Amino acid sequence: MSQHRPARAAVFSAGSWGTAVAKIMTNAGTDVIAYARRGEIADAINREHRNPGYFPDVDLPPTLTATTDPATALDGADFLILSIPAQSLRESLASWAPHIGRDTVIVSLMKGIERDTDLRASEVITEVTGIPAERVAVLSGPNLAREIMAGRPAAATVACPDEATAIRIQRACHTSYFRPYTSTDVTGCELGGAVKNVIALAVGIASGMGLGHNAQAMLITRGLAETTRLAVAMGAHPATLAGLAGLGDLIATCSSPLSRNRAFGTHLGKGLSVEEATAATRQTTEGVKSAEAILGLAQAHGVDMPITDVVTALLKGKVTLEQATAALMQRPPKPER
């Protein structure tokens, strides 16, 4: 990266979180271009400085631009910021890979586990592109896009095996309202971000069933315990799960009505089917897509994840709401660990 020009970032794509991160990085002084699949979104960002598909009421920085051409977006990019559904990552990235520069750093915003392979997003990225892990990073934390678009304070963790690269990304997205911290624990950050979506489904279900705040607090707390067990078994540092990418993200996703995973769970708790909840939520709900893959990781590493197990069974129609509640409450008592 030249010392005589600002860092350049290509944000793929212009959904809610991608738009929020594009705004953050532009405000931080980074030269940002967003890739949008739909021409009308790119045109609106360029001409009206708004994203009518997600934030029609929020002004975007006038220097933020957009394109529908991946090659144009990636031309000269120091950073490729990936904010797409985890299950479409492999296919999409394969088509974009020929345009990625030899020194471009890839930053994953995705919080899901790939079905069929049980791979984390960073592992899919290295497998598809051949880019070394030292050039692949993760940004994760308690970051509700709507609040960030309003300029409300937030923080996140930037994790990369190469600490110097993490610091470069940190500088490219540090603003007066967004504070990034650095880490080298990519595994912990990714698992914290993925599993919290499943726990948020459980909390939403409890809310929809009217089980009360005690039940929701129990699920959040025990959800953190099972997330930490899996992450540590896979080589993560337990402190990561007590930080922004772990506990912080879990609290925000489980507590806020802005959380699509919690909202999806609430629909289920009120008696809607998975199909009906999907239609009501409208946006991608990573917890629904990744729950079975996360359970597969737990089984492969010999980790007990009762909440994830029950949520997966409920999503697959193997148990009813009442049976799911009973399965969690009737587990044998044991020491808290």
# chains A, B, ... in the order shown; residues from 1 in each chain; ligands from 1
>>> residues_around(residues="segment 258-270 of chain A", least_positions_apart="3", cutoff="10 Å", atoms="only C-alpha atoms", output="PyMOL selection string")
chain A and resi 143-147+196-211+252-255+273-288+311+314-315+321-322
>>> residues_around(residues="segment 8-20 of chain A", least_positions_apart="4", cutoff="7 Å", atoms="only C-alpha atoms", output="VMD selection string")
chain A and resid 24 30 to 36 54 73 to 74 77 to 84 145 148 to 149
>>> atom_distance(atom1="atom CA of Asp309 of chain A", atom2="atom CA of Gly243 of chain A")
24.4 Å
>>> select_by_dssp(residues="segment 25-110 of chain A", states="strand (DSSP E)", output="list of chain:residue names")
A:Asp31, A:Val32, A:Ile33, A:Ala34, A:Tyr35, A:Thr65, A:Ala66, A:Thr67, A:Phe79, A:Leu80, A:Ile81, A:Leu82, A:Val105, A:Ile106, A:Val107, A:Ser108
>>> write_last_selection(atoms="N, CA and C atoms", output="CSV table (one decimal), in the first residue's frame")
chain,number,residue,atom,x,y,z
A,31,ASP,N,-10.6,5.1,1.1
A,31,ASP,CA,-11.2,5.2,-0.2
A,31,ASP,C,-12.0,4.0,-0.5
A,32,VAL,N,-13.4,4.1,-0.5
A,32,VAL,CA,-14.2,2.9,-0.5
A,32,VAL,C,-15.1,2.9,-1.8
A,33,ILE,N,-15.2,1.7,-2.4
A,33,ILE,CA,-16.1,1.5,-3.5
A,33,ILE,C,-16.9,0.2,-3.1
A,34,ALA,N,-18.2,0.2,-3.2
A,34,ALA,CA,-19.1,-0.9,-2.9
A,34,ALA,C,-19.5,-1.6,-4.1
A,35,TYR,N,-19.5,-2.9,-4.1
A,35,TYR,CA,-20.0,-3.7,-5.2
A,35,TYR,C,-21.4,-4.1,-4.9
A,65,THR,N,-18.6,5.4,-3.3
A,65,THR,CA,-19.1,5.1,-4.6
A,65,THR,C,-19.5,3.6,-4.7
A,66,ALA,N,-20.2,3.3,-5.8
A,66,ALA,CA,-20.6,1.9,-6.0
A,66,ALA,C,-20.5,1.5,-7.4
A,67,THR,N,-20.4,0.2,-7.7
A,67,THR,CA,-20.4,-0.3,-9.0
A,67,THR,C,-21.0,-1.7,-9.1
A,79,PHE,N,-7.9,-3.7,0.4
A,79,PHE,CA,-8.7,-4.6,1.2
A,79,PHE,C,-10.0,-5.0,0.4
A,80,LEU,N,-10.3,-6.3,0.5
A,80,LEU,CA,-11.6,-6.8,0.0
A,80,LEU,C,-12.4,-7.1,1.2
A,81,ILE,N,-13.5,-6.4,1.5
A,81,ILE,CA,-14.4,-6.6,2.6
A,81,ILE,C,-15.5,-7.5,2.1
A,82,LEU,N,-15.7,-8.7,2.7
A,82,LEU,CA,-16.7,-9.6,2.3
A,82,LEU,C,-17.9,-9.6,3.3
A,105,VAL,N,-5.7,-7.8,1.0
A,105,VAL,CA,-6.1,-8.4,2.2
A,105,VAL,C,-7.6,-8.7,2.2
A,106,ILE,N,-8.0,-9.8,2.5
A,106,ILE,CA,-9.5,-10.1,2.5
A,106,ILE,C,-9.9,-10.1,4.0
A,107,VAL,N,-11.0,-9.3,4.2
A,107,VAL,CA,-11.6,-9.2,5.5
A,107,VAL,C,-13.0,-9.7,5.5
A,108,SER,N,-13.2,-10.7,6.3
A,108,SER,CA,-14.6,-11.4,6.4
A,108,SER,C,-15.4,-10.7,7.5
>>> atom_distance(atom1="atom CA of Asp185 of chain A", atom2="atom CA of Ala159 of chain A")
5.8 Å
>>> closest_residue(among="A:Arg222, A:Arg115, A:His49, A:Arg102", to="Pro85 of chain A", atoms="only C-alpha atoms")
A:Arg115
>>> closest_residue(among="A:Asp75, A:Glu114, A:Glu123, A:Asp249", to="Gly101 of chain A", atoms="only C-alpha atoms")
A:Asp75
>>> residues_around(residues="Ser183 of chain A", least_positions_apart="5", cutoff="12 Å", atoms="only C-alpha atoms", output="list of chain:residue names")
A:Ala137, A:Val138, A:Leu139, A:Ser140, A:Ala156, A:Thr157, A:Val158, A:Ala159, A:Cys160, A:Pro161, A:Asp162, A:Glu163, A:Ala164, A:Thr165, A:Ala166, A:Ile167, A:Ile169, A:Gln170, A:Gly188, A:Cys189, A:Glu190, A:Ala236, A:His237, A:Ala239, A:Thr240, A:Leu241, A:Gly243, A:Leu244, A:Ala245
>>> select_by_dssp(residues="segment 17-241 of chain A", states="helix (DSSP H, G or I)", output="MDAnalysis selection string")
chainID A and resid 17:27 39:47 70:74 86:99 121:129 133:135 145:149 163:172 186:208 213:233 238:241
>>> closest_residue(among="A:Arg37, A:Arg229, A:Lys111, A:Arg152", to="Ser92 of chain A", atoms="only C-alpha atoms")
A:Arg37
>>> decode(residues="segment 15-162 of chain A", atoms="C-alpha atoms", output="PDB file, in the first residue's frame")
ATOM      1  CA  GLY A  15     -26.441  -5.119   1.982  1.00  0.00           C
ATOM      2  CA  SER A  16     -27.158  -3.768   5.446  1.00  0.00           C
ATOM      3  CA  TRP A  17     -23.871  -4.679   7.167  1.00  0.00           C
ATOM      4  CA  GLY A  18     -21.770  -4.125   4.059  1.00  0.00           C
ATOM      5  CA  THR A  19     -23.225  -0.631   3.697  1.00  0.00           C
ATOM      6  CA  ALA A  20     -22.564   0.112   7.363  1.00  0.00           C
ATOM      7  CA  VAL A  21     -18.922  -0.962   7.112  1.00  0.00           C
ATOM      8  CA  ALA A  22     -18.520   0.982   3.864  1.00  0.00           C
ATOM      9  CA  LYS A  23     -19.757   4.063   5.725  1.00  0.00           C
ATOM     10  CA  ILE A  24     -17.403   3.409   8.655  1.00  0.00           C
ATOM     11  CA  MET A  25     -14.350   3.012   6.427  1.00  0.00           C
ATOM     12  CA  THR A  26     -15.199   6.065   4.347  1.00  0.00           C
ATOM     13  CA  ASN A  27     -15.574   8.128   7.523  1.00  0.00           C
ATOM     14  CA  ALA A  28     -12.187   6.776   8.628  1.00  0.00           C
ATOM     15  CA  GLY A  29     -10.554   8.250   5.520  1.00  0.00           C
ATOM     16  CA  THR A  30     -10.390   5.051   3.486  1.00  0.00           C
ATOM     17  CA  ASP A  31     -11.218   5.236  -0.216  1.00  0.00           C
ATOM     18  CA  VAL A  32     -14.222   2.891  -0.514  1.00  0.00           C
ATOM     19  CA  ILE A  33     -16.124   1.465  -3.456  1.00  0.00           C
ATOM     20  CA  ALA A  34     -19.052  -0.893  -2.870  1.00  0.00           C
ATOM     21  CA  TYR A  35     -19.990  -3.726  -5.183  1.00  0.00           C
ATOM     22  CA  ALA A  36     -23.766  -4.004  -5.601  1.00  0.00           C
ATOM     23  CA  ARG A  37     -25.499  -6.807  -7.483  1.00  0.00           C
ATOM     24  CA  ARG A  38     -28.417  -4.561  -8.430  1.00  0.00           C
ATOM     25  CA  GLY A  39     -27.836  -1.626 -10.733  1.00  0.00           C
ATOM     26  CA  GLU A  40     -30.474   0.519  -9.066  1.00  0.00           C
ATOM     27  CA  ILE A  41     -28.676   0.241  -5.725  1.00  0.00           C
ATOM     28  CA  ALA A  42     -25.325   1.234  -7.231  1.00  0.00           C
ATOM     29  CA  ASP A  43     -26.941   4.140  -9.088  1.00  0.00           C
ATOM     30  CA  ALA A  44     -28.688   5.399  -5.948  1.00  0.00           C
ATOM     31  CA  ILE A  45     -25.458   5.281  -3.928  1.00  0.00           C
ATOM     32  CA  ASN A  46     -23.606   7.207  -6.640  1.00  0.00           C
ATOM     33  CA  ARG A  47     -26.299   9.783  -7.426  1.00  0.00           C
ATOM     34  CA  GLU A  48     -28.373  10.157  -4.270  1.00  0.00           C
ATOM     35  CA  HIS A  49     -25.812   8.977  -1.679  1.00  0.00           C
ATOM     36  CA  ARG A  50     -28.386   6.602  -0.187  1.00  0.00           C
ATOM     37  CA  ASN A  51     -29.046   2.868  -0.234  1.00  0.00           C
ATOM     38  CA  PRO A  52     -32.786   2.540  -0.923  1.00  0.00           C
ATOM     39  CA  GLY A  53     -32.754  -1.209  -0.409  1.00  0.00           C
ATOM     40  CA  TYR A  54     -31.633  -1.072   3.233  1.00  0.00           C
ATOM     41  CA  PHE A  55     -31.270   2.472   4.568  1.00  0.00           C
ATOM     42  CA  PRO A  56     -33.399   4.778   2.413  1.00  0.00           C
ATOM     43  CA  ASP A  57     -33.505   7.376   5.191  1.00  0.00           C
ATOM     44  CA  VAL A  58     -29.747   7.608   5.892  1.00  0.00           C
ATOM     45  CA  ASP A  59     -27.309   9.856   4.034  1.00  0.00           C
ATOM     46  CA  LEU A  60     -24.104   8.127   2.935  1.00  0.00           C
ATOM     47  CA  PRO A  61     -20.752   9.910   2.637  1.00  0.00           C
ATOM     48  CA  PRO A  62     -20.616  11.615  -0.775  1.00  0.00           C
ATOM     49  CA  THR A  63     -17.186  10.102  -1.480  1.00  0.00           C
ATOM     50  CA  LEU A  64     -18.537   6.545  -1.146  1.00  0.00           C
ATOM     51  CA  THR A  65     -19.107   5.120  -4.633  1.00  0.00           C
ATOM     52  CA  ALA A  66     -20.590   1.897  -5.991  1.00  0.00           C
ATOM     53  CA  THR A  67     -20.388  -0.336  -9.050  1.00  0.00           C
ATOM     54  CA  THR A  68     -21.943  -3.511 -10.404  1.00  0.00           C
ATOM     55  CA  ASP A  69     -18.618  -4.632 -11.895  1.00  0.00           C
ATOM     56  CA  PRO A  70     -16.468  -6.776  -9.558  1.00  0.00           C
ATOM     57  CA  ALA A  71     -13.292  -6.080 -11.545  1.00  0.00           C
ATOM     58  CA  THR A  72     -13.776  -2.327 -11.242  1.00  0.00           C
ATOM     59  CA  ALA A  73     -14.397  -2.596  -7.509  1.00  0.00           C
ATOM     60  CA  LEU A  74     -11.275  -4.699  -6.952  1.00  0.00           C
ATOM     61  CA  ASP A  75      -8.927  -2.680  -9.150  1.00  0.00           C
ATOM     62  CA  GLY A  76      -6.153  -1.463  -6.839  1.00  0.00           C
ATOM     63  CA  ALA A  77      -7.946  -2.547  -3.661  1.00  0.00           C
ATOM     64  CA  ASP A  78      -5.821  -2.927  -0.544  1.00  0.00           C
ATOM     65  CA  PHE A  79      -8.740  -4.604   1.239  1.00  0.00           C
ATOM     66  CA  LEU A  80     -11.580  -6.782   0.015  1.00  0.00           C
ATOM     67  CA  ILE A  81     -14.362  -6.630   2.602  1.00  0.00           C
ATOM     68  CA  LEU A  82     -16.723  -9.594   2.260  1.00  0.00           C
ATOM     69  CA  SER A  83     -20.253  -9.169   3.600  1.00  0.00           C
ATOM     70  CA  ILE A  84     -22.368 -11.828   1.905  1.00  0.00           C
ATOM     71  CA  PRO A  85     -24.333 -14.847   3.175  1.00  0.00           C
ATOM     72  CA  ALA A  86     -21.924 -17.531   4.364  1.00  0.00           C
ATOM     73  CA  GLN A  87     -23.614 -20.221   2.289  1.00  0.00           C
ATOM     74  CA  SER A  88     -23.027 -18.346  -0.975  1.00  0.00           C
ATOM     75  CA  LEU A  89     -19.403 -17.431  -0.191  1.00  0.00           C
ATOM     76  CA  ARG A  90     -17.703 -20.295  -2.038  1.00  0.00           C
ATOM     77  CA  GLU A  91     -19.500 -19.824  -5.351  1.00  0.00           C
ATOM     78  CA  SER A  92     -19.369 -16.024  -5.308  1.00  0.00           C
ATOM     79  CA  LEU A  93     -15.724 -15.831  -4.287  1.00  0.00           C
ATOM     80  CA  ALA A  94     -14.693 -18.259  -7.020  1.00  0.00           C
ATOM     81  CA  SER A  95     -16.082 -15.866  -9.623  1.00  0.00           C
ATOM     82  CA  TRP A  96     -14.390 -12.845  -8.045  1.00  0.00           C
ATOM     83  CA  ALA A  97     -11.020 -14.475  -7.318  1.00  0.00           C
ATOM     84  CA  PRO A  98      -9.389 -13.708 -10.702  1.00  0.00           C
ATOM     85  CA  HIS A  99      -9.787  -9.983  -9.989  1.00  0.00           C
ATOM     86  CA  ILE A 100      -8.228 -10.029  -6.494  1.00  0.00           C
ATOM     87  CA  GLY A 101      -4.822  -8.331  -6.372  1.00  0.00           C
ATOM     88  CA  ARG A 102      -1.721 -10.247  -5.338  1.00  0.00           C
ATOM     89  CA  ASP A 103      -1.369  -8.128  -2.163  1.00  0.00           C
ATOM     90  CA  THR A 104      -5.034  -7.576  -1.353  1.00  0.00           C
ATOM     91  CA  VAL A 105      -6.068  -8.440   2.198  1.00  0.00           C
ATOM     92  CA  ILE A 106      -9.463 -10.135   2.544  1.00  0.00           C
ATOM     93  CA  VAL A 107     -11.598  -9.171   5.542  1.00  0.00           C
ATOM     94  CA  SER A 108     -14.562 -11.384   6.390  1.00  0.00           C
ATOM     95  CA  LEU A 109     -17.650  -9.895   8.017  1.00  0.00           C
ATOM     96  CA  MET A 110     -19.524 -13.198   7.786  1.00  0.00           C
ATOM     97  CA  LYS A 111     -20.907 -14.963  10.839  1.00  0.00           C
ATOM     98  CA  GLY A 112     -21.773 -18.423   9.630  1.00  0.00           C
ATOM     99  CA  ILE A 113     -20.375 -21.915   9.095  1.00  0.00           C
ATOM    100  CA  GLU A 114     -20.508 -23.510   5.640  1.00  0.00           C
ATOM    101  CA  ARG A 115     -22.911 -26.408   5.415  1.00  0.00           C
ATOM    102  CA  ASP A 116     -21.595 -29.736   4.075  1.00  0.00           C
ATOM    103  CA  THR A 117     -17.956 -28.810   4.890  1.00  0.00           C
ATOM    104  CA  ASP A 118     -18.378 -27.290   8.405  1.00  0.00           C
ATOM    105  CA  LEU A 119     -15.697 -24.740   7.447  1.00  0.00           C
ATOM    106  CA  ARG A 120     -15.394 -21.249   8.872  1.00  0.00           C
ATOM    107  CA  ALA A 121     -15.487 -18.350   6.402  1.00  0.00           C
ATOM    108  CA  SER A 122     -11.735 -17.714   6.639  1.00  0.00           C
ATOM    109  CA  GLU A 123     -11.076 -21.369   5.805  1.00  0.00           C
ATOM    110  CA  VAL A 124     -13.353 -21.179   2.765  1.00  0.00           C
ATOM    111  CA  ILE A 125     -11.546 -18.019   1.646  1.00  0.00           C
ATOM    112  CA  THR A 126      -8.081 -19.566   1.804  1.00  0.00           C
ATOM    113  CA  GLU A 127      -9.318 -22.757   0.145  1.00  0.00           C
ATOM    114  CA  VAL A 128     -11.010 -20.987  -2.772  1.00  0.00           C
ATOM    115  CA  THR A 129      -8.430 -18.260  -3.427  1.00  0.00           C
ATOM    116  CA  GLY A 130      -5.167 -19.869  -2.326  1.00  0.00           C
ATOM    117  CA  ILE A 131      -4.400 -16.690  -0.393  1.00  0.00           C
ATOM    118  CA  PRO A 132      -2.365 -17.410   2.768  1.00  0.00           C
ATOM    119  CA  ALA A 133      -4.079 -17.118   6.148  1.00  0.00           C
ATOM    120  CA  GLU A 134      -1.836 -14.148   7.019  1.00  0.00           C
ATOM    121  CA  ARG A 135      -3.761 -12.101   4.429  1.00  0.00           C
ATOM    122  CA  VAL A 136      -7.208 -13.129   5.670  1.00  0.00           C
ATOM    123  CA  ALA A 137      -8.832 -11.312   8.589  1.00  0.00           C
ATOM    124  CA  VAL A 138     -12.145 -11.214  10.436  1.00  0.00           C
ATOM    125  CA  LEU A 139     -14.064  -8.230  11.794  1.00  0.00           C
ATOM    126  CA  SER A 140     -16.604  -9.191  14.442  1.00  0.00           C
ATOM    127  CA  GLY A 141     -18.376  -7.672  17.425  1.00  0.00           C
ATOM    128  CA  PRO A 142     -21.649  -6.273  18.798  1.00  0.00           C
ATOM    129  CA  ASN A 143     -22.450  -4.311  15.667  1.00  0.00           C
ATOM    130  CA  LEU A 144     -26.093  -3.708  14.825  1.00  0.00           C
ATOM    131  CA  ALA A 145     -26.036  -2.064  11.405  1.00  0.00           C
ATOM    132  CA  ARG A 146     -28.936   0.318  12.020  1.00  0.00           C
ATOM    133  CA  GLU A 147     -27.260   1.818  15.116  1.00  0.00           C
ATOM    134  CA  ILE A 148     -23.942   2.226  13.321  1.00  0.00           C
ATOM    135  CA  MET A 149     -25.639   3.947  10.402  1.00  0.00           C
ATOM    136  CA  ALA A 150     -26.997   6.420  12.969  1.00  0.00           C
ATOM    137  CA  GLY A 151     -23.462   7.051  14.238  1.00  0.00           C
ATOM    138  CA  ARG A 152     -24.025   5.483  17.638  1.00  0.00           C
ATOM    139  CA  PRO A 153     -20.926   4.226  19.496  1.00  0.00           C
ATOM    140  CA  ALA A 154     -19.740   0.698  18.758  1.00  0.00           C
ATOM    141  CA  ALA A 155     -16.612  -1.431  18.888  1.00  0.00           C
ATOM    142  CA  ALA A 156     -15.377  -4.617  17.243  1.00  0.00           C
ATOM    143  CA  THR A 157     -12.435  -6.984  17.047  1.00  0.00           C
ATOM    144  CA  VAL A 158     -10.215  -7.241  13.984  1.00  0.00           C
ATOM    145  CA  ALA A 159      -8.532 -10.643  14.041  1.00  0.00           C
ATOM    146  CA  CYS A 160      -5.736 -11.792  11.746  1.00  0.00           C
ATOM    147  CA  PRO A 161      -2.849 -14.259  12.243  1.00  0.00           C
ATOM    148  CA  ASP A 162      -0.537 -11.426  11.198  1.00  0.00           C
TER     149      ASP A 162
END
